[in-house]
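Beneath this line is the structure, given in structure tokens, with notes to follow.
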There are 2 protein chains.
Amino acid sequence: MLLLHRPRNRSSLLLRLLHHHRTHQHFSTLSGPPPQPLDVPLSQPTYMIWSSNTSLGKTLVSTGLSSSFLFPSTPSFISKKFLYLKPIQTGFPSDSDSRFLFNKLSSFSLRRQPPLSLSLSDSVIYTSVSAAKSVLADKFRAPATEFGSGMYDLNLLEVNENSGRGEAVSQLVCKTLFAWEEAVSPHLAAERESGVVGDSEVLEMLSKCLREGLKSDRERMEVLCVVETAGGVASPGPSGSLQCDLYRPFRLPGILVGDGQLGGISGTISAYESLKLRGYDVIAVVLEDHGLVNEVPLMSYLRNRVPVLVLPPIPQDPSNDLMEWFDESHDIFNSLKDIMLSAYSERIQRLHDMTKKAGEIFWWPFTQHGLVPEETVTVIDSRCGENFSVYKVRDNESITQQFDACASWWTQGPDATLQTELARDMGYTAARFGHVMFPENVYEPALECAELLLDGVGKENRIAFCAGWASRAYFSDNGSTAIEIALKMAFRKFSCDHGILQDFLKNNTVERVIKLKVLALKGSYHGDTLGAMEAQAPSAYTSFLQQPWYTGRGLFLDPPTVFMCNSKWDLSLPEWLHAKIVKLQDMTFGSRDEIFDKSRDKSDLAAIYLSYISQTFLQNPECKGFDPIGALIIEPVIHGAGGMQMIDPLFQRILVNECRNHKIPVIFDEVFTGFWRLGAETTADILGCVPDIACFAKLLTGGVIPLAVTLATYAVFDSFVGDSKLKALLHGHSYSAHAMGCAAAAKSMKWFKDPQTNINIISGQKLLRELWDLELVQQISSHPAVRRVVALGTVCALELQAEGCNSGYGSLYASSLLQKLREDGVYMRPLGNVIYLMCGPCTSPEICRQLLVKLYRRLEDFN
Amino acid sequence: MLLLHRPRNRSSLLLRLLHHHRTHQHFSTLSGPPPQPLDVPLSQPTYMIWSSNTSLGKTLVSTGLSSSFLFPSTPSFISKKFLYLKPIQTGFPSDSDSRFLFNKLSSFSLRRQPPLSLSLSDSVIYTSVSAAKSVLADKFRAPATEFGSGMYDLNLLEVNENSGRGEAVSQLVCKTLFAWEEAVSPHLAAERESGVVGDSEVLEMLSKCLREGLKSDRERMEVLCVVETAGGVASPGPSGSLQCDLYRPFRLPGILVGDGQLGGISGTISAYESLKLRGYDVIAVVLEDHGLVNEVPLMSYLRNRVPVLVLPPIPQDPSNDLMEWFDESHDIFNSLKDIMLSAYSERIQRLHDMTKKAGEIFWWPFTQHGLVPEETVTVIDSRCGENFSVYKVRDNESITQQFDACASWWTQGPDATLQTELARDMGYTAARFGHVMFPENVYEPALECAELLLDGVGKENRIAFCAGWASRAYFSDNGSTAIEIALKMAFRKFSCDHGILQDFLKNNTVERVIKLKVLALKGSYHGDTLGAMEAQAPSAYTSFLQQPWYTGRGLFLDPPTVFMCNSKWDLSLPEWLHAKIVKLQDMTFGSRDEIFDKSRDKSDLAAIYLSYISQTFLQNPECKGFDPIGALIIEPVIHGAGGMQMIDPLFQRILVNECRNHKIPVIFDEVFTGFWRLGAETTADILGCVPDIACFAKLLTGGVIPLAVTLATYAVFDSFVGDSKLKALLHGHSYSAHAMGCAAAAKSMKWFKDPQTNINIISGQKLLRELWDLELVQQISSHPAVRRVVALGTVCALELQAEGCNSGYGSLYASSLLQKLREDGVYMRPLGNVIYLMCGPCTSPEICRQLLVKLYRRLEDFN
């Protein structure tokens, strides 16, 4: 029985243009459901069918697999469903891979004795105008009328019900999602037929078809699904994106149909590598036998870890119905099917076990294991750009997307495109260099990285053509080591400038007398190693419980802070200022820009700040009998780990200038704030003054790999130059300036500041455009559950109203709120009762807006 | 004038089998010249011609380039030479790409008016027996006689002298290096024709042809060279190695001939990625026009950074002589040639400038910049396995190989094969994960890495089926941070076990009273951050000049050491032992194994050690009034940075046991010693006792990327578990357990211990076989310039006899010796007057032997 459904009437066909799907969903109000993250069901085995080139037999493999799955050698009483999806088809309707499969399986099922109860369907959802015309002319002999442009919701459905006996009713469901008429690459066909489809439309449709198709309709139904790509692995899809990039967010495991011809070893290996370079798993390679035993070098290349299966030669005669060939290939397809089913079971088993194993063998940093029950552990299957792909067990097992709003400890920058570029660069750099010794050597990634550093964060970028303040780059591994190096640099410079070094070199006895200390701000945090810890004020992090050796070698000032509350920016004064008379106009700001305005340097408040700071120096002279202040260290503008406190930039600027007047070297700890985190490449640009030494890490590499750097002026460097090795800076880590880190940093630095690659760059101003919708931020700042908000650059932080044990770093107060947000696809981490959203320098303001909307919604339910 | 040279006589042909090249050169004596490192000349532009598949027109591109180069549009009075090398040719003699080029250029030169003075030659060096037979039958109608197997030195040469007028005499030199008869993949042809050629033979021959061919015979001669590959980029060469791997040590820049057909975008991109994944630079893509505008997506993919050139459609008619096509393509080939020439100039310019720029903007760690003149800076162009490829200016500019005998600060492990595997894994992991947040999360690379750690270095592997001592893995970034974490762990455990923690939690006042200290050995070194520094005895590294905050929070014991001198292993006693009577049989060892023998535990010396250590504890009780010893920290067996001192393992074993008796946690600093550095996966296996906490870094990732881990017992972990976050270990770095580091570690751990991939593994014993030739080591230890030798695992260290300012860390005593060794292709770095050779766990003993030979030779000239 063959049924052919056509759209109910022509006019409805005309109306159902895909176009309406294409407009982005905007949330002009805070009501209505937020968009759901893209889910990929894991409930049933699902595989991509890739190929190293066109015409190597992807559809034959899909057909063979469906036959092997639906017609098992031993009769089965469990019904089965084979779901075949062809997202992109060109040459349609004369070519239709889903139709081919549908037809072949129809023939197979008729041949079977006893015949099998099988329901078959083939449907085509969207086609281009010209393809639609062809179909209609073809099927209904309708005249070719004018359709306009775009893609049509054709929804052509063909059904074949084959009611056999004895066995359970099985199903074959074939679907073509988007089809074009010309038999060329999809991007060309789409362009020529004015039927361009965006990547997100393909993904949404594919996700929908998977969700619908993988539901087992019966209680016990086995399902196997394949998604067949078009052309080769890196053939462009309809938007021009390469297919291996287009499908990447789902990262479905794949079968690679290789090439058994002369030259086919190379093509197969290269295609495999392109898939690996995008983070895909390939579970088997299958190729046609051309008598060249290509499988032998392939197996050797794959080190026998990925099975290679060989299909008999495919008859070339077009009249051959291939029945014999499929019979011959039956065992191979059976093996392939078994490989697919068992790889699926293994994957699911592993995903299941991971939380338990993690809890048993990991020792997570900054984590009280006693407070992490197994079910709260997140299994991250992959990341794509700003999103984690997370394994979700609840409801239906699936891989779901969560926006990494903690930016994985503030490191993340890449969007999906940059991630792919970085991955290729990482492969290239590992292959070219691995790691090579740095001292006394030079190699391209380190040199390029240093050049870009000195030309970027090493100068104040607001002043055009200004020579950089920084003259040397000292590489290390993380923020903490970069800080220890900075301290050593600063102390040496101070010792030189204040005669201490000379004394030491003369009589070699100074060391137990002079106890250099740092000047730092309360609440700042500079890393976890002991030296960096010594530069911070006593806190929960520094108690005997954590740091038995901590003494706190600093003078710690309590700084004034600024934040938004009830839609207004306010100044919050520390205790030492309470007695002073501060004018009201100095205490509130009409906009965030006002806070950074240089005209404040002339305000009464500036004079108050200055007199306080001068007094500090009077009480701590640089002379040798005392413990002199040997360095100033600050996190410019925002204290990150200290609870996302925004420090009054006026105060920091005056402090920097005063230290310079006293010949005290100034260190900027830009580990958190650097590389666009706060909206400028270096926060020195926002603060309006430069340091002598600055430390960078985290976003330096775009967030893929650890690397840190300490930049210094020539004068600082010069205080280590001499004729003895013992005068040099004897501090270094094995992987100093490692090639991969430097290559990632060079790529990221260029990427983030280039308006061609980063849509958020305001070219003239060297600043990021505003990412956080001001209106929404104000609404949040006025919410009763919120005490204060700081939104700047890629950061939007808020402190929740909390008292007593609910406040502070140890508090678990925000947990329930953040748990809800994870359900909305937003992965946040708290700093006690302070929570924050953090995006990358390239994240679109629309995505940031959606994050704010989700956050606001959940705040409404909170408390 | 056409000349055809044939080998002088048949019998000589028969004799000149390649076979004698194939035997490795062994140095049974210390005389005779050492083998020279493989050089690639840089004096002239040289490019590989790659292709994404077979039959895409590589030879047409080579031909077009040669024509464009030799026949410039404007007459030139500078003579030119085009060198065309075809290392691997199958289907010979009916197919010969070098012959094709030779013939075409002969025709072109005849067509030119006025005719050009051009000397053309085509030669074929080695062929298989059957190809040789074919040639001889063909050319000389000789009967097919029996040749035996192997490759024949055919040295067929065809010459065409075309004496035109007016212009300078130019040359075309075409060479086929190795040829087989069957028109299949080289590995198949080589196998079927019993003419297998090893990779090193291909490389040596290619290097020879390049060196000879790129010499400009006249004073002013421009040369351009192309090396045309066979088939696709990843087609196997004659040994079965993929060509992109085979040619990798030279890393010549390349032109990629892409595919303009349907599916060709994908194939071209994948081929490009395979080349990038092996560290190659591709400077242009060129492809035939098939009307599909494949160049547009290719340019978009390449972000316009690599030019894409399009050739007109190639006539398919075999009778077409292509003259018209070459005329049409002339401009394209001219552009391609210009791209090649200017890319070459840019590369050379950059290589020239790098040393100067490095000296201006780098701040190298552990380096006195005042002592590094520009000409001593090494430009590392790449690394391949254990070798650096170094830019050499002197004599002829070239890229030369230097064995990385400092293992790039002791990090290196991979051979060339593992490096390629790691590069692919790095690309995959960056694409799949980038970096994702670790705490409270789990993802595959981190979990697999932790599993392998606990199952590998986390247990004593000499005892079969032993449960691991380690139960938790704490990740960080480098050895120094791993040590700081270990110290925090140990002190917490100690505080728990000795009631200090309980006191602290009760009255919160203990912190200023208890000053925990470490027990450590003099000369040990645990990293450069302050906390790690505090655990080492005062030294040049810890003075006020370097570490203004250093106090030395330890009790530092002077340990007995062992070393080889005059071919014998001796014990060297510290001062505190001088008064004791030690038996002579306890002072010398017949072999290195005796030193580690557990029977020594019962020796008199053991009793002496024990009594000394016990006394130490008596003087430093754990009670609270004192500053108790809260941890023991040792580098097991060898002190690395402290000058490659081998500590008597008996002393360390007794120390560990005694600390355990006193409930003092034991830390093994295996940052240097771990992962086969000393011949076992963990040095605990050699030492014969396990720690409570152990730190690993350096070789952990195989040496490509920074990662460190601190392993701990469950009891240690448990002392941080509770119901408050503040009791947790609050130490972490942004990239904790970053995915790429964990993936590299997992791959390397598996690779090094698997006898399938590491030929040095003695399977039963879980040890590396002896890498350093005992006889040679003994000879070196008897050399008058040598004070002592320590050879163990991958390390062979020696202390040079030196007095006064020539000894110690600051000394430059060894510089001249090491400079000479660099000329021999061995890159070493000194620790003052201590020098060492260090290889990877997979390095063959033959290579180690060659290193020892070179070292010995240079020692002879030293002093």
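Letters A, B, ... mark the chains of the structure tokens in the order given; residue numbers begin at 1 per chain; ligand numbers begin at 1, in order shown.
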Name all residues at most 8 Å from segment 183-194 of chain A (count only C-alpha atoms; drop same-chain ones fewer than 5 positions away) and give them as a VMD selection string. (chain A and resid 88 to 92 128 to 130 149 to 150 231 235 to 240) or (chain B and resid 262 to 263 292)
Expected file: the selected residues, N, CA and C atoms, as a PDB file, in the first residue's frame:
ATOM      1  N   ILE A  88      20.538  17.623   4.807  1.00  0.00           N
ATOM      2  CA  ILE A  88      20.813  18.486   3.656  1.00  0.00           C
ATOM      3  C   ILE A  88      20.938  17.615   2.412  1.00  0.00           C
ATOM      4  N   GLN A  89      20.079  17.909   1.433  1.00  0.00           N
ATOM      5  CA  GLN A  89      20.074  17.118   0.201  1.00  0.00           C
ATOM      6  C   GLN A  89      20.108  18.069  -0.983  1.00  0.00           C
ATOM      7  N   THR A  90      21.059  17.886  -1.877  1.00  0.00           N
ATOM      8  CA  THR A  90      21.004  18.652  -3.128  1.00  0.00           C
ATOM      9  C   THR A  90      20.698  17.691  -4.269  1.00  0.00           C
ATOM     10  N   GLY A  91      20.404  18.260  -5.449  1.00  0.00           N
ATOM     11  CA  GLY A  91      20.036  17.441  -6.598  1.00  0.00           C
ATOM     12  C   GLY A  91      18.631  16.878  -6.480  1.00  0.00           C
ATOM     13  N   PHE A  92      17.858  17.448  -5.604  1.00  0.00           N
ATOM     14  CA  PHE A  92      16.506  16.968  -5.293  1.00  0.00           C
ATOM     15  C   PHE A  92      15.492  17.534  -6.304  1.00  0.00           C
ATOM     16  N   SER A 128      13.815  24.153  -1.549  1.00  0.00           N
ATOM     17  CA  SER A 128      13.916  25.437  -2.228  1.00  0.00           C
ATOM     18  C   SER A 128      12.743  25.581  -3.182  1.00  0.00           C
ATOM     19  N   VAL A 129      12.515  26.792  -3.651  1.00  0.00           N
ATOM     20  CA  VAL A 129      11.422  27.045  -4.590  1.00  0.00           C
ATOM     21  C   VAL A 129      11.540  26.136  -5.801  1.00  0.00           C
ATOM     22  N   SER A 130      12.738  26.109  -6.394  1.00  0.00           N
ATOM     23  CA  SER A 130      12.863  25.369  -7.643  1.00  0.00           C
ATOM     24  C   SER A 130      12.692  23.874  -7.405  1.00  0.00           C
ATOM     25  N   SER A 149      10.992  33.706  -3.202  1.00  0.00           N
ATOM     26  CA  SER A 149      12.244  33.084  -2.746  1.00  0.00           C
ATOM     27  C   SER A 149      12.087  32.513  -1.339  1.00  0.00           C
ATOM     28  N   GLY A 150      13.083  31.814  -0.902  1.00  0.00           N
ATOM     29  CA  GLY A 150      13.059  31.225   0.432  1.00  0.00           C
ATOM     30  C   GLY A 150      12.896  29.733   0.367  1.00  0.00           C
ATOM     31  N   GLY A 231      28.173  15.109   0.957  1.00  0.00           N
ATOM     32  CA  GLY A 231      29.536  15.324   0.460  1.00  0.00           C
ATOM     33  C   GLY A 231      30.575  14.865   1.459  1.00  0.00           C
ATOM     34  N   SER A 235      32.677  19.585   3.574  1.00  0.00           N
ATOM     35  CA  SER A 235      31.900  20.243   2.530  1.00  0.00           C
ATOM     36  C   SER A 235      30.999  21.284   3.172  1.00  0.00           C
ATOM     37  N   PRO A 236      30.838  22.424   2.517  1.00  0.00           N
ATOM     38  CA  PRO A 236      30.016  23.469   3.117  1.00  0.00           C
ATOM     39  C   PRO A 236      28.541  23.056   3.202  1.00  0.00           C
ATOM     40  N   GLY A 237      27.891  23.479   4.257  1.00  0.00           N
ATOM     41  CA  GLY A 237      26.446  23.368   4.369  1.00  0.00           C
ATOM     42  C   GLY A 237      25.798  24.558   3.675  1.00  0.00           C
ATOM     43  N   PRO A 238      24.484  24.688   3.795  1.00  0.00           N
ATOM     44  CA  PRO A 238      23.790  25.733   3.041  1.00  0.00           C
ATOM     45  C   PRO A 238      24.236  27.158   3.379  1.00  0.00           C
ATOM     46  N   SER A 239      24.653  27.418   4.599  1.00  0.00           N
ATOM     47  CA  SER A 239      25.077  28.783   4.954  1.00  0.00           C
ATOM     48  C   SER A 239      26.516  29.046   4.532  1.00  0.00           C
ATOM     49  N   GLY A 240      27.217  28.005   4.115  1.00  0.00           N
ATOM     50  CA  GLY A 240      28.636  28.144   3.810  1.00  0.00           C
ATOM     51  C   GLY A 240      29.511  27.595   4.929  1.00  0.00           C
TER      52      GLY A 240
ATOM     53  N   LEU B 262      33.580  18.504  -7.410  1.00  0.00           N
ATOM     54  CA  LEU B 262      32.554  18.333  -6.395  1.00  0.00           C
ATOM     55  C   LEU B 262      33.156  17.496  -5.255  1.00  0.00           C
ATOM     56  N   GLY B 263      33.003  17.949  -4.035  1.00  0.00           N
ATOM     57  CA  GLY B 263      33.639  17.269  -2.910  1.00  0.00           C
ATOM     58  C   GLY B 263      35.054  17.773  -2.654  1.00  0.00           C
ATOM     59  N   LEU B 292      33.048  25.234 -10.198  1.00  0.00           N
ATOM     60  CA  LEU B 292      32.277  25.156  -8.943  1.00  0.00           C
ATOM     61  C   LEU B 292      32.710  26.223  -7.935  1.00  0.00           C
TER      62      LEU B 292
END
Per DSSP on the backbone, what are the strand (DSSP E or B) residues of segment 620-859 of chain B, as a PyMOL selection string? chain B and resi 629-634+638-639+645-647+666-669+680+693-696+708-712+761-762+767-768+786-792+795-800+826-827+831+834-838
Can you tell me, as a JSON list (two decimals) with C-alpha atoms, in the first residue's frame, what residues are no more than 6 Å from segment 355-363 of chain A when counting only C-alpha atoms, ignoring any on the same chain fewer than 4 positions away?
[["chain", "number", "residue", "atom", "x", "y", "z"],
["A", 374, "GLU", "CA", 27.21, 12.65, 43.70],
["A", 377, "VAL", "CA", 28.35, 16.71, 40.04],
["B", 472, "ARG", "CA", 43.21, 11.25, 45.40],
["B", 473, "ALA", "CA", 44.60, 13.42, 42.61],
["B", 474, "TYR", "CA", 44.95, 17.18, 43.09]]
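Here the question is which of B:Ile314, B:Ala802, B:Met437, B:Leu154 gets nearest to chain A using only C-alpha atoms, and that residue is B:Met437.
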List the spatial neighbours of segment 267-271 of chain A as an MDAnalysis selection string - criterion: any atom at most 6 Å away, only C-alpha atoms, same-chain residues fewer than 2 positions off excluded. (chainID A and resid 52 258:259 264:265 273:274) or (chainID B and resid 270:271 274)
Any chance you can output those residues with N, CA and C atoms as a JSON list (two decimals), in the first residue's frame?
[["chain", "number", "residue", "atom", "x", "y", "z"],
["A", 52, "SER", "N", 34.81, 10.82, 3.46],
["A", 52, "SER", "CA", 36.00, 11.60, 3.13],
["A", 52, "SER", "C", 35.85, 12.30, 1.80],
["A", 258, "GLY", "N", 35.19, 5.74, 4.30],
["A", 258, "GLY", "CA", 36.48, 6.08, 3.71],
["A", 258, "GLY", "C", 36.54, 5.75, 2.24],
["A", 259, "ASP", "N", 37.73, 5.81, 1.69],
["A", 259, "ASP", "CA", 37.93, 5.71, 0.26],
["A", 259, "ASP", "C", 38.90, 4.57, -0.02],
["A", 264, "GLY", "N", 43.08, 7.02, -1.75],
["A", 264, "GLY", "CA", 42.02, 7.01, -0.74],
["A", 264, "GLY", "C", 42.53, 6.90, 0.69],
["A", 265, "ILE", "N", 43.72, 6.34, 0.88],
["A", 265, "ILE", "CA", 44.28, 6.27, 2.24],
["A", 265, "ILE", "C", 44.45, 7.69, 2.75],
["A", 273, "GLU", "N", 41.14, 13.20, 10.44],
["A", 273, "GLU", "CA", 41.81, 14.24, 11.22],
["A", 273, "GLU", "C", 40.98, 15.51, 11.29],
["A", 274, "SER", "N", 40.27, 15.84, 10.22],
["A", 274, "SER", "CA", 39.39, 17.01, 10.27],
["A", 274, "SER", "C", 38.29, 16.82, 11.31],
["B", 270, "SER", "N", 40.66, 19.21, 4.38],
["B", 270, "SER", "CA", 41.17, 18.13, 5.22],
["B", 270, "SER", "C", 42.66, 17.91, 5.00],
["B", 271, "ALA", "N", 43.08, 17.97, 3.75],
["B", 271, "ALA", "CA", 44.51, 17.79, 3.46],
["B", 271, "ALA", "C", 45.31, 18.91, 4.11],
["B", 274, "SER", "N", 45.63, 18.15, 7.71],
["B", 274, "SER", "CA", 46.61, 17.09, 7.99],
["B", 274, "SER", "C", 48.03, 17.66, 7.97]]
Write out as a PDB file with N, CA and C atoms, in the first residue's frame each polymer residue whose atoms come within 9 Å of Thr176 of chain A, counting only C-alpha atoms; drop sequence neighbours fewer than 5 positions from it.
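Generated file (selection.pdb):
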ATOM      1  N   TYR A  84      16.283   7.481   9.885  1.00  0.00           N
ATOM      2  CA  TYR A  84      17.300   7.980   8.956  1.00  0.00           C
ATOM      3  C   TYR A  84      17.029   9.450   8.688  1.00  0.00           C
ATOM      4  N   LEU A  85      17.992  10.289   9.029  1.00  0.00           N
ATOM      5  CA  LEU A  85      17.808  11.721   8.784  1.00  0.00           C
ATOM      6  C   LEU A  85      18.851  12.206   7.787  1.00  0.00           C
ATOM      7  N   LYS A  86      18.380  12.896   6.799  1.00  0.00           N
ATOM      8  CA  LYS A  86      19.270  13.527   5.824  1.00  0.00           C
ATOM      9  C   LYS A  86      19.014  15.023   5.937  1.00  0.00           C
ATOM     10  N   PRO A  87      19.823  15.733   6.727  1.00  0.00           N
ATOM     11  CA  PRO A  87      19.507  17.145   6.951  1.00  0.00           C
ATOM     12  C   PRO A  87      19.609  17.974   5.676  1.00  0.00           C
ATOM     13  N   ILE A  88      20.538  17.623   4.807  1.00  0.00           N
ATOM     14  CA  ILE A  88      20.813  18.486   3.656  1.00  0.00           C
ATOM     15  C   ILE A  88      20.938  17.615   2.412  1.00  0.00           C
ATOM     16  N   GLN A  89      20.079  17.909   1.433  1.00  0.00           N
ATOM     17  CA  GLN A  89      20.074  17.118   0.201  1.00  0.00           C
ATOM     18  C   GLN A  89      20.108  18.069  -0.983  1.00  0.00           C
ATOM     19  N   SER A  96      17.541  11.671  -4.101  1.00  0.00           N
ATOM     20  CA  SER A  96      17.015  11.741  -2.734  1.00  0.00           C
ATOM     21  C   SER A  96      17.522  10.524  -2.000  1.00  0.00           C
ATOM     22  N   ASP A  97      18.463  10.736  -1.093  1.00  0.00           N
ATOM     23  CA  ASP A  97      19.039   9.594  -0.389  1.00  0.00           C
ATOM     24  C   ASP A  97      18.025   8.950   0.527  1.00  0.00           C
ATOM     25  N   SER A  98      17.122   9.758   1.086  1.00  0.00           N
ATOM     26  CA  SER A  98      16.119   9.162   1.978  1.00  0.00           C
ATOM     27  C   SER A  98      15.144   8.330   1.146  1.00  0.00           C
ATOM     28  N   ARG A  99      14.840   8.798  -0.065  1.00  0.00           N
ATOM     29  CA  ARG A  99      13.971   8.020  -0.947  1.00  0.00           C
ATOM     30  C   ARG A  99      14.652   6.715  -1.348  1.00  0.00           C
ATOM     31  N   ASP A 122       8.855   8.061   4.133  1.00  0.00           N
ATOM     32  CA  ASP A 122       9.898   8.988   3.687  1.00  0.00           C
ATOM     33  C   ASP A 122       9.268  10.359   3.607  1.00  0.00           C
ATOM     34  N   SER A 123       9.857  11.318   4.266  1.00  0.00           N
ATOM     35  CA  SER A 123       9.278  12.659   4.195  1.00  0.00           C
ATOM     36  C   SER A 123      10.361  13.683   3.881  1.00  0.00           C
ATOM     37  N   VAL A 124       9.905  14.743   3.289  1.00  0.00           N
ATOM     38  CA  VAL A 124      10.798  15.847   2.951  1.00  0.00           C
ATOM     39  C   VAL A 124      10.169  17.094   3.564  1.00  0.00           C
ATOM     40  N   ILE A 125      10.918  17.837   4.362  1.00  0.00           N
ATOM     41  CA  ILE A 125      10.288  18.937   5.084  1.00  0.00           C
ATOM     42  C   ILE A 125      10.392  20.237   4.311  1.00  0.00           C
ATOM     43  N   TYR A 126      11.561  20.791   4.182  1.00  0.00           N
ATOM     44  CA  TYR A 126      11.704  22.066   3.480  1.00  0.00           C
ATOM     45  C   TYR A 126      12.445  21.867   2.172  1.00  0.00           C
TER      46      TYR A 126
END
Which residue is closest to Val562 of chain A? Choose from A:Leu545, A:Ala234, A:Ile693, A:Ala791 and count only C-alpha atoms. A:Ala791
Given only C-alpha atoms as the counted atoms, nearest of B:Tyr272, B:Phe326, B:Phe556, B:Phe102 to chain A: B:Tyr272
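The nearest approach to chain A among the residues B:Phe626, B:Tyr443, B:Tyr550, B:Tyr813, with only C-alpha atoms taken into account, belongs to B:Tyr443.
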Set the distance at 12 Å and use only C-alpha atoms: which residues neighbour Pro621 of chain B once local chain neighbours fewer than 6 positions away are removed? I'd like the list as JSON, numbers by chain. {"B": [498, 516, 517, 614, 615, 627, 628, 629, 630, 659, 662, 663, 664]}
Keeping only C-alpha atoms, write the selected residues as a short mmCIF file (atom, residue, chain, number, x, y, z; two decimals), in the first residue's frame.
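File written: selection.cif
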data_model
loop_
_atom_site.label_atom_id
_atom_site.label_comp_id
_atom_site.auth_asym_id
_atom_site.auth_seq_id
_atom_site.Cartn_x
_atom_site.Cartn_y
_atom_site.Cartn_z
CA HIS B 498 49.06 15.86 66.71
CA LEU B 516 55.66 24.13 61.48
CA LYS B 517 58.81 23.27 59.67
CA SER B 614 66.61 9.14 65.57
CA GLN B 615 68.75 11.71 67.29
CA ASP B 627 58.54 24.34 66.22
CA PRO B 628 57.68 20.83 65.21
CA ILE B 629 58.65 19.06 61.99
CA GLY B 630 55.35 18.87 60.10
CA CYS B 659 59.11 9.84 59.77
CA HIS B 662 56.73 9.69 64.19
CA LYS B 663 53.50 10.34 62.26
CA ILE B 664 55.18 12.89 60.08
#
Can you pull out the residues contacting Leu687 of chain B? Cut-off 8 Å, using only C-alpha atoms, and skip same-chain residues under 4 positions away; I want them as a list in words.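 Neighbouring residues, sequence-local ones excluded: Phe596, Pro636, Val637, Pro649, Leu650, Gln652, Arg653 and Thr683 of chain B.
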So that I have them on file, write out the residues from the current selection with C-alpha atoms, as a PDB file, in the first residue's frame.
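again10.pdb, freshly written:
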ATOM      1  CA  PHE B 596      69.461  -0.309  45.665  1.00  0.00           C
ATOM      2  CA  PRO B 636      63.827  10.474  45.791  1.00  0.00           C
ATOM      3  CA  VAL B 637      67.196   9.103  44.651  1.00  0.00           C
ATOM      4  CA  PRO B 649      68.714   5.339  48.728  1.00  0.00           C
ATOM      5  CA  LEU B 650      69.312   3.471  51.954  1.00  0.00           C
ATOM      6  CA  GLN B 652      66.301   8.061  52.224  1.00  0.00           C
ATOM      7  CA  ARG B 653      64.475   4.800  52.946  1.00  0.00           C
ATOM      8  CA  THR B 683      60.999   6.378  41.803  1.00  0.00           C
TER       9      THR B 683
END
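Of the residues under consideration (A:Ala606, A:Ala132, A:Ile633, A:Ile500), A:Ile500 shows the shortest atom-to-atom contact distance to chain B when counting only C-alpha atoms.
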